[in-house]
Structures are given as C-alpha cells and as structure tokens.
$ cat my_file-v2.pdb   # PDB, C-alpha atoms
ATOM      1  CA  MET A   1      87.024  79.924  92.031  1.00  0.00           C
ATOM      2  CA  LYS A   2      88.161  82.605  89.593  1.00  0.00           C
ATOM      3  CA  GLN A   3      85.651  85.403  89.154  1.00  0.00           C
ATOM      4  CA  ILE A   4      84.274  86.444  85.783  1.00  0.00           C
ATOM      5  CA  ARG A   5      85.740  89.798  84.779  1.00  0.00           C
ATOM      6  CA  PHE A   6      83.126  91.287  82.475  1.00  0.00           C
ATOM      7  CA  LEU A   7      84.757  94.726  82.190  1.00  0.00           C
ATOM      8  CA  GLU A   8      88.295  95.213  83.427  1.00  0.00           C
ATOM      9  CA  GLY A   9      90.354  98.294  84.248  1.00  0.00           C
ATOM     10  CA  GLU A  10      93.713  98.825  85.891  1.00  0.00           C
ATOM     11  CA  LYS A  11      92.455  98.846  89.501  1.00  0.00           C
ATOM     12  CA  VAL A  12      88.957  97.371  89.362  1.00  0.00           C
ATOM     13  CA  TYR A  13      86.827  95.035  87.331  1.00  0.00           C
ATOM     14  CA  LEU A  14      83.070  94.749  86.949  1.00  0.00           C
ATOM     15  CA  ARG A  15      81.367  91.395  87.174  1.00  0.00           C
ATOM     16  CA  PRO A  16      77.811  90.098  87.017  1.00  0.00           C
ATOM     17  CA  ILE A  17      75.885  89.849  90.262  1.00  0.00           C
ATOM     18  CA  SER A  18      74.452  86.498  91.293  1.00  0.00           C
ATOM     19  CA  VAL A  19      72.205  85.187  94.046  1.00  0.00           C
ATOM     20  CA  GLU A  20      75.388  84.037  95.824  1.00  0.00           C
ATOM     21  CA  ASP A  21      76.153  87.743  96.346  1.00  0.00           C
ATOM     22  CA  THR A  22      72.942  88.290  98.332  1.00  0.00           C
ATOM     23  CA  GLU A  23      74.622  88.474 101.760  1.00  0.00           C
ATOM     24  CA  TRP A  24      77.227  91.007 100.610  1.00  0.00           C
ATOM     25  CA  TYR A  25      74.615  93.151  98.819  1.00  0.00           C
ATOM     26  CA  PHE A  26      72.298  92.984 101.829  1.00  0.00           C
ATOM     27  CA  GLN A  27      75.080  94.201 104.151  1.00  0.00           C
ATOM     28  CA  GLN A  28      75.904  97.107 101.810  1.00  0.00           C
ATOM     29  CA  LEU A  29      72.317  98.311 101.903  1.00  0.00           C
ATOM     30  CA  PHE A  30      72.564  98.829 105.653  1.00  0.00           C
ATOM     31  CA  ASP A  31      75.842 100.733 105.669  1.00  0.00           C
ATOM     32  CA  SER A  32      74.897 104.178 107.027  1.00  0.00           C
ATOM     33  CA  GLU A  33      77.183 106.223 104.746  1.00  0.00           C
ATOM     34  CA  THR A  34      76.114 104.286 101.641  1.00  0.00           C
ATOM     35  CA  ARG A  35      72.461 104.803 102.598  1.00  0.00           C
ATOM     36  CA  LEU A  36      73.016 108.538 102.993  1.00  0.00           C
ATOM     37  CA  LEU A  37      74.941 109.036  99.748  1.00  0.00           C
ATOM     38  CA  THR A  38      72.430 106.997  97.727  1.00  0.00           C
ATOM     39  CA  GLY A  39      69.388 108.393  99.515  1.00  0.00           C
ATOM     40  CA  THR A  40      68.230 104.886 100.442  1.00  0.00           C
ATOM     41  CA  GLN A  41      65.268 105.139 102.798  1.00  0.00           C
ATOM     42  CA  ARG A  42      63.711 101.672 102.815  1.00  0.00           C
ATOM     43  CA  HIS A  43      64.711  98.597 104.738  1.00  0.00           C
ATOM     44  CA  PHE A  44      65.242  95.249 103.015  1.00  0.00           C
ATOM     45  CA  THR A  45      65.207  91.533 103.741  1.00  0.00           C
ATOM     46  CA  LYS A  46      67.696  88.992 102.450  1.00  0.00           C
ATOM     47  CA  GLU A  47      64.857  87.215 100.644  1.00  0.00           C
ATOM     48  CA  GLY A  48      63.836  90.482  99.017  1.00  0.00           C
ATOM     49  CA  ILE A  49      67.414  91.135  97.903  1.00  0.00           C
ATOM     50  CA  ALA A  50      67.735  87.633  96.428  1.00  0.00           C
ATOM     51  CA  SER A  51      64.501  88.192  94.521  1.00  0.00           C
ATOM     52  CA  TYR A  52      65.697  91.628  93.351  1.00  0.00           C
ATOM     53  CA  ILE A  53      68.951  90.116  92.024  1.00  0.00           C
ATOM     54  CA  GLU A  54      67.043  87.431  90.136  1.00  0.00           C
ATOM     55  CA  ARG A  55      64.704  90.039  88.607  1.00  0.00           C
ATOM     56  CA  LYS A  56      67.605  92.311  87.626  1.00  0.00           C
ATOM     57  CA  ASN A  57      69.366  89.428  85.899  1.00  0.00           C
ATOM     58  CA  GLN A  58      66.237  88.894  83.755  1.00  0.00           C
ATOM     59  CA  ASP A  59      65.666  92.614  83.066  1.00  0.00           C
ATOM     60  CA  ASP A  60      66.917  93.656  79.639  1.00  0.00           C
ATOM     61  CA  THR A  61      66.472  97.364  80.464  1.00  0.00           C
ATOM     62  CA  SER A  62      69.271  97.329  83.031  1.00  0.00           C
ATOM     63  CA  VAL A  63      72.793  96.053  83.608  1.00  0.00           C
ATOM     64  CA  LEU A  64      73.716  95.591  87.283  1.00  0.00           C
ATOM     65  CA  LEU A  65      77.354  94.742  87.986  1.00  0.00           C
ATOM     66  CA  LEU A  66      79.526  94.470  91.085  1.00  0.00           C
ATOM     67  CA  ILE A  67      82.782  96.379  91.429  1.00  0.00           C
ATOM     68  CA  ALA A  68      85.779  94.360  92.647  1.00  0.00           C
ATOM     69  CA  LEU A  69      89.445  95.123  93.189  1.00  0.00           C
ATOM     70  CA  ASN A  70      91.727  93.545  90.586  1.00  0.00           C
ATOM     71  CA  ASP A  71      94.376  92.470  93.089  1.00  0.00           C
ATOM     72  CA  THR A  72      92.188  90.849  95.748  1.00  0.00           C
ATOM     73  CA  ASP A  73      88.712  90.252  94.203  1.00  0.00           C
ATOM     74  CA  GLU A  74      87.295  92.191  97.188  1.00  0.00           C
ATOM     75  CA  LEU A  75      83.855  93.614  96.402  1.00  0.00           C
ATOM     76  CA  ILE A  76      83.733  97.378  96.963  1.00  0.00           C
ATOM     77  CA  GLY A  77      80.469  98.440  95.344  1.00  0.00           C
ATOM     78  CA  ASP A  78      77.939  98.119  92.578  1.00  0.00           C
ATOM     79  CA  ILE A  79      77.126 100.030  89.414  1.00  0.00           C
ATOM     80  CA  ALA A  80      74.169  99.913  87.062  1.00  0.00           C
ATOM     81  CA  LEU A  81      72.851 101.209  83.795  1.00  0.00           C
ATOM     82  CA  GLN A  82      69.078 101.371  84.241  1.00  0.00           C
ATOM     83  CA  ASP A  83      65.872 102.325  82.473  1.00  0.00           C
ATOM     84  CA  MET A  84      67.481 101.753  79.087  1.00  0.00           C
ATOM     85  CA  ASP A  85      65.362 103.213  76.307  1.00  0.00           C
ATOM     86  CA  VAL A  86      66.530 101.591  73.061  1.00  0.00           C
ATOM     87  CA  TYR A  87      64.358 103.836  70.882  1.00  0.00           C
ATOM     88  CA  ASN A  88      65.780 107.102  72.193  1.00  0.00           C
ATOM     89  CA  ARG A  89      69.099 105.479  73.148  1.00  0.00           C
ATOM     90  CA  ASN A  90      69.310 106.809  76.685  1.00  0.00           C
ATOM     91  CA  CYS A  91      69.502 105.469  80.217  1.00  0.00           C
ATOM     92  CA  ASN A  92      70.673 106.421  83.673  1.00  0.00           C
ATOM     93  CA  ILE A  93      73.692 105.281  85.607  1.00  0.00           C
ATOM     94  CA  ARG A  94      74.132 104.821  89.334  1.00  0.00           C
ATOM     95  CA  ILE A  95      77.042 103.751  91.479  1.00  0.00           C
ATOM     96  CA  ALA A  96      77.567 102.937  95.162  1.00  0.00           C
ATOM     97  CA  ILE A  97      81.002 102.436  96.664  1.00  0.00           C
ATOM     98  CA  SER A  98      81.208 100.827 100.118  1.00  0.00           C
ATOM     99  CA  SER A  99      82.170 103.247 102.843  1.00  0.00           C
ATOM    100  CA  ASN A 100      84.853 100.798 103.962  1.00  0.00           C
ATOM    101  CA  ALA A 101      86.536 101.089 100.552  1.00  0.00           C
ATOM    102  CA  GLU A 102      89.411 103.513 100.625  1.00  0.00           C
ATOM    103  CA  THR A 103      88.247 106.734  99.027  1.00  0.00           C
ATOM    104  CA  GLY A 104      90.322 108.906  96.751  1.00  0.00           C
ATOM    105  CA  LYS A 105      91.973 105.965  95.023  1.00  0.00           C
ATOM    106  CA  GLY A 106      90.057 106.328  91.746  1.00  0.00           C
ATOM    107  CA  TYR A 107      88.034 103.118  92.095  1.00  0.00           C
ATOM    108  CA  GLY A 108      84.684 104.812  91.499  1.00  0.00           C
ATOM    109  CA  SER A 109      85.987 106.906  88.614  1.00  0.00           C
ATOM    110  CA  GLU A 110      87.443 103.856  86.911  1.00  0.00           C
ATOM    111  CA  ALA A 111      84.253 101.819  87.401  1.00  0.00           C
ATOM    112  CA  LEU A 112      82.174 104.675  85.965  1.00  0.00           C
ATOM    113  CA  LYS A 113      84.476 105.021  82.974  1.00  0.00           C
ATOM    114  CA  LEU A 114      84.283 101.254  82.298  1.00  0.00           C
ATOM    115  CA  MET A 115      80.479 101.344  82.459  1.00  0.00           C
ATOM    116  CA  LEU A 116      80.255 104.475  80.292  1.00  0.00           C
ATOM    117  CA  GLU A 117      82.531 102.835  77.735  1.00  0.00           C
ATOM    118  CA  TYR A 118      80.191  99.845  77.709  1.00  0.00           C
ATOM    119  CA  GLY A 119      77.040 101.979  77.568  1.00  0.00           C
ATOM    120  CA  PHE A 120      78.212 104.226  74.747  1.00  0.00           C
ATOM    121  CA  GLY A 121      80.492 101.816  72.875  1.00  0.00           C
ATOM    122  CA  VAL A 122      78.642  98.496  73.098  1.00  0.00           C
ATOM    123  CA  LEU A 123      75.019  99.244  73.991  1.00  0.00           C
ATOM    124  CA  ASN A 124      74.983 102.248  71.606  1.00  0.00           C
ATOM    125  CA  MET A 125      73.485 104.674  74.101  1.00  0.00           C
ATOM    126  CA  HIS A 126      73.400 108.318  73.013  1.00  0.00           C
ATOM    127  CA  ARG A 127      72.747 109.915  76.420  1.00  0.00           C
ATOM    128  CA  ILE A 128      73.480 108.693  79.943  1.00  0.00           C
ATOM    129  CA  GLU A 129      72.177 110.631  82.933  1.00  0.00           C
ATOM    130  CA  LEU A 130      72.490 110.486  86.696  1.00  0.00           C
ATOM    131  CA  ASN A 131      71.237 112.200  89.803  1.00  0.00           C
ATOM    132  CA  VAL A 132      73.405 113.270  92.720  1.00  0.00           C
ATOM    133  CA  PHE A 133      72.320 114.860  95.975  1.00  0.00           C
ATOM    134  CA  ASP A 134      73.550 118.336  96.858  1.00  0.00           C
ATOM    135  CA  TYR A 135      75.267 117.096 100.043  1.00  0.00           C
ATOM    136  CA  ASN A 136      77.670 114.899  98.058  1.00  0.00           C
ATOM    137  CA  PRO A 137      80.277 117.326  96.640  1.00  0.00           C
ATOM    138  CA  ARG A 138      82.866 114.547  96.225  1.00  0.00           C
ATOM    139  CA  ALA A 139      80.601 112.688  93.783  1.00  0.00           C
ATOM    140  CA  LEU A 140      79.721 115.930  91.976  1.00  0.00           C
ATOM    141  CA  HIS A 141      83.425 116.577  91.438  1.00  0.00           C
ATOM    142  CA  VAL A 142      84.027 113.054  90.100  1.00  0.00           C
ATOM    143  CA  TYR A 143      81.075 113.255  87.699  1.00  0.00           C
ATOM    144  CA  GLU A 144      82.181 116.640  86.357  1.00  0.00           C
ATOM    145  CA  LYS A 145      85.762 115.413  85.974  1.00  0.00           C
ATOM    146  CA  LEU A 146      84.494 112.465  83.913  1.00  0.00           C
ATOM    147  CA  GLY A 147      82.573 114.852  81.647  1.00  0.00           C
ATOM    148  CA  PHE A 148      79.031 114.923  83.006  1.00  0.00           C
ATOM    149  CA  ARG A 149      77.288 118.276  82.664  1.00  0.00           C
ATOM    150  CA  ARG A 150      74.749 119.708  85.059  1.00  0.00           C
ATOM    151  CA  GLU A 151      71.300 119.942  83.504  1.00  0.00           C
ATOM    152  CA  GLY A 152      69.124 121.058  86.342  1.00  0.00           C
ATOM    153  CA  VAL A 153      68.089 120.776  89.937  1.00  0.00           C
ATOM    154  CA  GLN A 154      65.100 118.969  91.354  1.00  0.00           C
ATOM    155  CA  ARG A 155      64.498 121.190  94.344  1.00  0.00           C
ATOM    156  CA  GLN A 156      63.949 119.458  97.668  1.00  0.00           C
ATOM    157  CA  ALA A 157      63.420 116.098  95.951  1.00  0.00           C
ATOM    158  CA  LEU A 158      64.759 113.961  98.817  1.00  0.00           C
ATOM    159  CA  PHE A 159      63.697 113.985 102.462  1.00  0.00           C
ATOM    160  CA  TYR A 160      66.509 112.493 104.550  1.00  0.00           C
ATOM    161  CA  ASN A 161      67.592 113.010 108.176  1.00  0.00           C
ATOM    162  CA  HIS A 162      64.827 115.507 108.957  1.00  0.00           C
ATOM    163  CA  ALA A 163      65.597 117.797 106.003  1.00  0.00           C
ATOM    164  CA  TYR A 164      64.864 118.206 102.311  1.00  0.00           C
ATOM    165  CA  HIS A 165      67.740 118.039  99.822  1.00  0.00           C
ATOM    166  CA  ASP A 166      68.116 118.977  96.167  1.00  0.00           C
ATOM    167  CA  SER A 167      68.844 116.369  93.517  1.00  0.00           C
ATOM    168  CA  ILE A 168      71.135 117.531  90.725  1.00  0.00           C
ATOM    169  CA  THR A 169      70.545 116.006  87.293  1.00  0.00           C
ATOM    170  CA  MET A 170      73.628 115.520  85.122  1.00  0.00           C
ATOM    171  CA  SER A 171      74.170 113.871  81.759  1.00  0.00           C
ATOM    172  CA  MET A 172      76.745 113.015  79.152  1.00  0.00           C
ATOM    173  CA  LEU A 173      76.286 112.472  75.420  1.00  0.00           C
ATOM    174  CA  ALA A 174      78.164 109.837  73.432  1.00  0.00           C
ATOM    175  CA  HIS A 175      80.192 112.355  71.414  1.00  0.00           C
ATOM    176  CA  GLU A 176      81.192 114.178  74.621  1.00  0.00           C
ATOM    177  CA  PHE A 177      82.460 110.911  76.098  1.00  0.00           C
ATOM    178  CA  ARG A 178      84.442 110.074  72.953  1.00  0.00           C
ATOM    179  CA  GLU A 179      85.950 113.570  72.766  1.00  0.00           C
ATOM    180  CA  LEU A 180      87.152 113.348  76.375  1.00  0.00           C
ATOM    181  CA  HIS A 181      88.204 109.717  76.598  1.00  0.00           C
ATOM    182  CA  HIS A 182      89.194 108.614  73.060  1.00  0.00           C
ATOM    183  CA  ARG A 183      91.901 110.996  71.905  1.00  0.00           C
TER     184      ARG A 183
END
$ encode --input "my_file-v2.pdb" --output "structure tokens"
Amino acid sequence: MKQIRFLEGEKVYLRPISVEDTEWYFQQLFDSETRLLTGTQRHFTKEGIASYIERKNQDDTSVLLLIALNDTDELIGDIALQDMDVYNRNCNIRIAISSNAETGKGYGSEALKLMLEYGFGVLNMHRIELNVFDYNPRALHVYEKLGFRREGVQRQALFYNHAYHDSITMSMLAHEFRELHHR
C-alpha cells in the first residue's frame, strides 16, 4: 500500500501517524540513544502508545508526523509541532531520529525544514521554539544552521544518568525563516 506523503522533500517525507504505527513507535521509545537525546525518562506500554496516537490525532494543538525515507518508505523518526497557541501564533517543535538511521545525511535537517515551512507558511505561526539538552552538540549545530537562535538556558532542568543537564531554549521567527529559506 502506498503511503500518504503529507510533506515531501528530496530525501524524506512526512506522513500522518496511525494506530498501525504503534509497534514501530513503541520500539523507538526504548532505543537507548533516542531516549538519551530526547531526555525520555518514563517507560511505556503498547496500549498506552496506541492511546497516545489516538489522542494526538484528535488534538488540534499539535501535529505529529512520522519521518520516512523517500526511496524505501523506511520510518526513521517522528516530528511534531506542539502546544500551538493560535492567539499568539507560537508553538514548539520536537524531532527524534532513530539511532539506526544513518546520521549526517541531512534527514533531520530536511524534516525540520519541511515542518517549519508548514508551521510558518500554512499554520501561520509567528514563533517556533525548541529545547535541546547541552550534551547534544550535533542537534545544536543543526538547529543553528537552520536559523534557530539561542534564547536562554534552563539550568539543570533534566536529571538523566545520575547527573543534571541544562536545557537550551531556541526559537525562530517567521520573518527569520523566510529570509534564510526563501531567497
């Protein structure tokens, strides 16, 4: 069955998540590198994940999509716009790429750019923010390259692996995105 390609780039496309994706999503949540990079501390059940997917699909303050490779339809991660505030026109973005996906190929950057294009160009967001942990310099570099600016640091906001870690808040405004990506 051909997958829906909601947003499509050169290397990846973003598609809606469905309850049929529960097993894949469940497995991703227990990948040790993904858990570290996202700061995931809880454990989950398949039933809980299925329920979460159903709730997210009914939630008009978020858009949760899966990231798949154009050539093979292989799922390599997920991305979401969340906590959308239509009055102030802002939200946050998060992304998780599977540790088994080959890094350094631009998949995450392209998925982020597709979602930012959608957030600013279709959903009319003015400001999109994210948080990244201080032990993830690769993600920091990608976010800065895409045009996110550092706003501040939440000191010792995450306790993970017996230590506290800072969370860096970054954001991008619509006009900054257009200036960088629509020349």
$ residues_around --input "my_file-v2.pdb" --residues "stretch 12-21 of chain A" --least-positions-apart "5" --cutoff "8 Å" --atoms "only C-alpha atoms" --output "PyMOL selection string"
chain A and resi 3-7+50+53-54+57+64-70+107+110-111
$ atom_distance --input "my_file-v2.pdb" --atom1 "atom CA of A:Lys105" --atom2 "atom CA of A:Asn131"
22.3 Å
$ axis_aligned_box --input "my_file-v2.pdb" --around "stretch 107-122 of chain A" --padding-each-side "4 Å" --output "AutoDock Vina command-line options"
--center_x 82.5 --center_y 102.7 --center_z 82.5 --size_x 19.0 --size_y 16.4 --size_z 27.2
$ resolve_selection --input "my_file-v2.pdb" --expression "the PyMOL selection byres ((chain A and resi 155) around 9)" --output "tab-separated table (two decimals) with C-alpha atoms, in the coordinates of the input"
chain	number	residue	atom	x	y	z
A	153	VAL	CA	68.09	120.78	89.94
A	154	GLN	CA	65.10	118.97	91.35
A	156	GLN	CA	63.95	119.46	97.67
A	157	ALA	CA	63.42	116.10	95.95
A	158	LEU	CA	64.76	113.96	98.82
A	164	TYR	CA	64.86	118.21	102.31
A	165	HIS	CA	67.74	118.04	99.82
A	166	ASP	CA	68.12	118.98	96.17
A	167	SER	CA	68.84	116.37	93.52
A	168	ILE	CA	71.14	117.53	90.72
$ resolve_selection --input "my_file-v2.pdb" --expression "the PyMOL selection byres ((chain A and resi 118) around 12)" --output "ChimeraX atom specification"
/A:6-8,14,63,65,80-81,93,111-117,119-126,128,174,177
$ residues_near_point --input "my_file-v2.pdb" --point "(63.9, 92.0, 104.0)" --cutoff "12 Å" --atoms "all atoms listed in the file" --output "number ranges by chain"
A: 22-23, 25-27, 29-30, 42-52
$ atom_distance --input "my_file-v2.pdb" --atom1 "atom CA of A:Glu33" --atom2 "atom CA of A:Asp71"
24.9 Å
$ residues_around --input "my_file-v2.pdb" --residues "A:Ser98" --least-positions-apart "5" --cutoff "7 Å" --atoms "only C-alpha atoms" --output "JSON list (two decimals) with C-alpha atoms, in the frame of the given file"
[["chain", "number", "residue", "atom", "x", "y", "z"],
["A", 28, "GLN", "CA", 75.90, 97.11, 101.81],
["A", 34, "THR", "CA", 76.11, 104.29, 101.64],
["A", 76, "ILE", "CA", 83.73, 97.38, 96.96],
["A", 77, "GLY", "CA", 80.47, 98.44, 95.34]]
$ closest_residue --input "my_file-v2.pdb" --among "A:Ser109, A:Glu176, A:Asn88, A:Phe133" --to "A:Glu10" --atoms "all atoms listed in the file"
A:Ser109
$ atom_distance --input "my_file-v2.pdb" --atom1 "atom CA of A:Phe159" --atom2 "atom CA of A:Leu37"
12.6 Å
$ closest_residue --input "my_file-v2.pdb" --among "A:Asp85, A:Glu129, A:His181, A:Tyr160" --to "A:Lys145" --atoms "all atoms listed in the file"
A:His181
$ build_atoms --input "my_file-v2.pdb" --residues "stretch 49-60 of chain A" --atoms "all heavy atoms" --output "short mmCIF file (atom, residue, chain, number, x, y, z; two decimals), in the frame of the given file"
data_model
loop_
_atom_site.label_atom_id
_atom_site.label_comp_id
_atom_site.auth_asym_id
_atom_site.auth_seq_id
_atom_site.Cartn_x
_atom_site.Cartn_y
_atom_site.Cartn_z
N ILE A 49 66.21 90.84 98.69
CA ILE A 49 67.41 91.14 97.90
C ILE A 49 67.68 90.01 96.90
O ILE A 49 67.99 90.26 95.74
CB ILE A 49 68.63 91.35 98.82
CG1 ILE A 49 68.43 92.59 99.68
CG2 ILE A 49 69.92 91.43 98.03
CD1 ILE A 49 68.19 93.87 98.91
N ALA A 50 67.54 88.77 97.34
CA ALA A 50 67.74 87.63 96.43
C ALA A 50 66.74 87.72 95.26
O ALA A 50 67.11 87.50 94.10
CB ALA A 50 67.59 86.31 97.17
N SER A 51 65.52 88.05 95.56
CA SER A 51 64.50 88.19 94.52
C SER A 51 64.83 89.36 93.58
O SER A 51 64.69 89.25 92.36
CB SER A 51 63.14 88.40 95.18
OG SER A 51 62.15 88.61 94.23
N TYR A 52 65.30 90.46 94.15
CA TYR A 52 65.70 91.63 93.35
C TYR A 52 66.82 91.25 92.38
O TYR A 52 66.78 91.60 91.20
CB TYR A 52 66.14 92.75 94.29
CG TYR A 52 66.81 93.92 93.60
CD1 TYR A 52 66.05 94.88 92.94
CD2 TYR A 52 68.20 94.06 93.62
CE1 TYR A 52 66.67 95.95 92.31
CE2 TYR A 52 68.82 95.13 92.99
CZ TYR A 52 68.04 96.07 92.34
OH TYR A 52 68.67 97.13 91.71
N ILE A 53 67.83 90.53 92.87
CA ILE A 53 68.95 90.12 92.02
C ILE A 53 68.46 89.23 90.89
O ILE A 53 68.85 89.41 89.73
CB ILE A 53 70.04 89.41 92.87
CG1 ILE A 53 70.72 90.43 93.79
CG2 ILE A 53 71.07 88.72 91.98
CD1 ILE A 53 71.63 89.81 94.85
N GLU A 54 67.59 88.30 91.19
CA GLU A 54 67.04 87.43 90.14
C GLU A 54 66.28 88.24 89.09
O GLU A 54 66.42 88.00 87.89
CB GLU A 54 66.14 86.35 90.75
CG GLU A 54 66.91 85.28 91.49
CD GLU A 54 66.01 84.26 92.16
OE1 GLU A 54 64.77 84.45 92.19
OE2 GLU A 54 66.55 83.26 92.66
N ARG A 55 65.47 89.20 89.55
CA ARG A 55 64.70 90.04 88.61
C ARG A 55 65.65 90.88 87.75
O ARG A 55 65.45 91.00 86.55
CB ARG A 55 63.73 90.95 89.35
CG ARG A 55 62.48 90.26 89.85
CD ARG A 55 61.41 91.24 90.32
NE ARG A 55 61.88 92.34 91.16
CZ ARG A 55 62.08 92.26 92.47
NH1 ARG A 55 61.85 91.12 93.12
NH2 ARG A 55 62.50 93.31 93.15
N LYS A 56 66.66 91.46 88.37
CA LYS A 56 67.60 92.31 87.63
C LYS A 56 68.34 91.51 86.56
O LYS A 56 68.62 92.01 85.47
CB LYS A 56 68.63 92.96 88.57
CG LYS A 56 68.11 94.20 89.24
CD LYS A 56 67.82 95.28 88.21
CE LYS A 56 67.39 96.57 88.82
NZ LYS A 56 66.97 97.55 87.82
N ASN A 57 68.66 90.26 86.87
CA ASN A 57 69.37 89.43 85.90
C ASN A 57 68.49 89.03 84.71
O ASN A 57 68.99 88.60 83.69
CB ASN A 57 69.97 88.19 86.58
CG ASN A 57 71.20 88.55 87.37
OD1 ASN A 57 71.90 89.52 87.08
ND2 ASN A 57 71.48 87.77 88.41
N GLN A 58 67.17 89.18 84.85
CA GLN A 58 66.24 88.89 83.76
C GLN A 58 65.78 90.17 83.03
O GLN A 58 65.09 90.09 82.03
CB GLN A 58 65.00 88.15 84.29
CG GLN A 58 65.31 86.84 84.98
CD GLN A 58 66.05 85.87 84.07
OE1 GLN A 58 65.68 85.70 82.92
NE2 GLN A 58 67.10 85.26 84.59
N ASP A 59 66.14 91.32 83.57
CA ASP A 59 65.67 92.61 83.07
C ASP A 59 66.58 93.12 81.95
O ASP A 59 67.74 93.45 82.21
CB ASP A 59 65.63 93.61 84.24
CG ASP A 59 65.17 94.99 83.85
OD1 ASP A 59 64.83 95.22 82.67
OD2 ASP A 59 65.16 95.86 84.73
N ASP A 60 66.07 93.20 80.74
CA ASP A 60 66.92 93.66 79.64
C ASP A 60 66.94 95.18 79.50
O ASP A 60 67.49 95.71 78.54
CB ASP A 60 66.55 92.98 78.32
CG ASP A 60 65.10 93.18 77.93
OD1 ASP A 60 64.37 93.90 78.62
OD2 ASP A 60 64.70 92.61 76.89
#
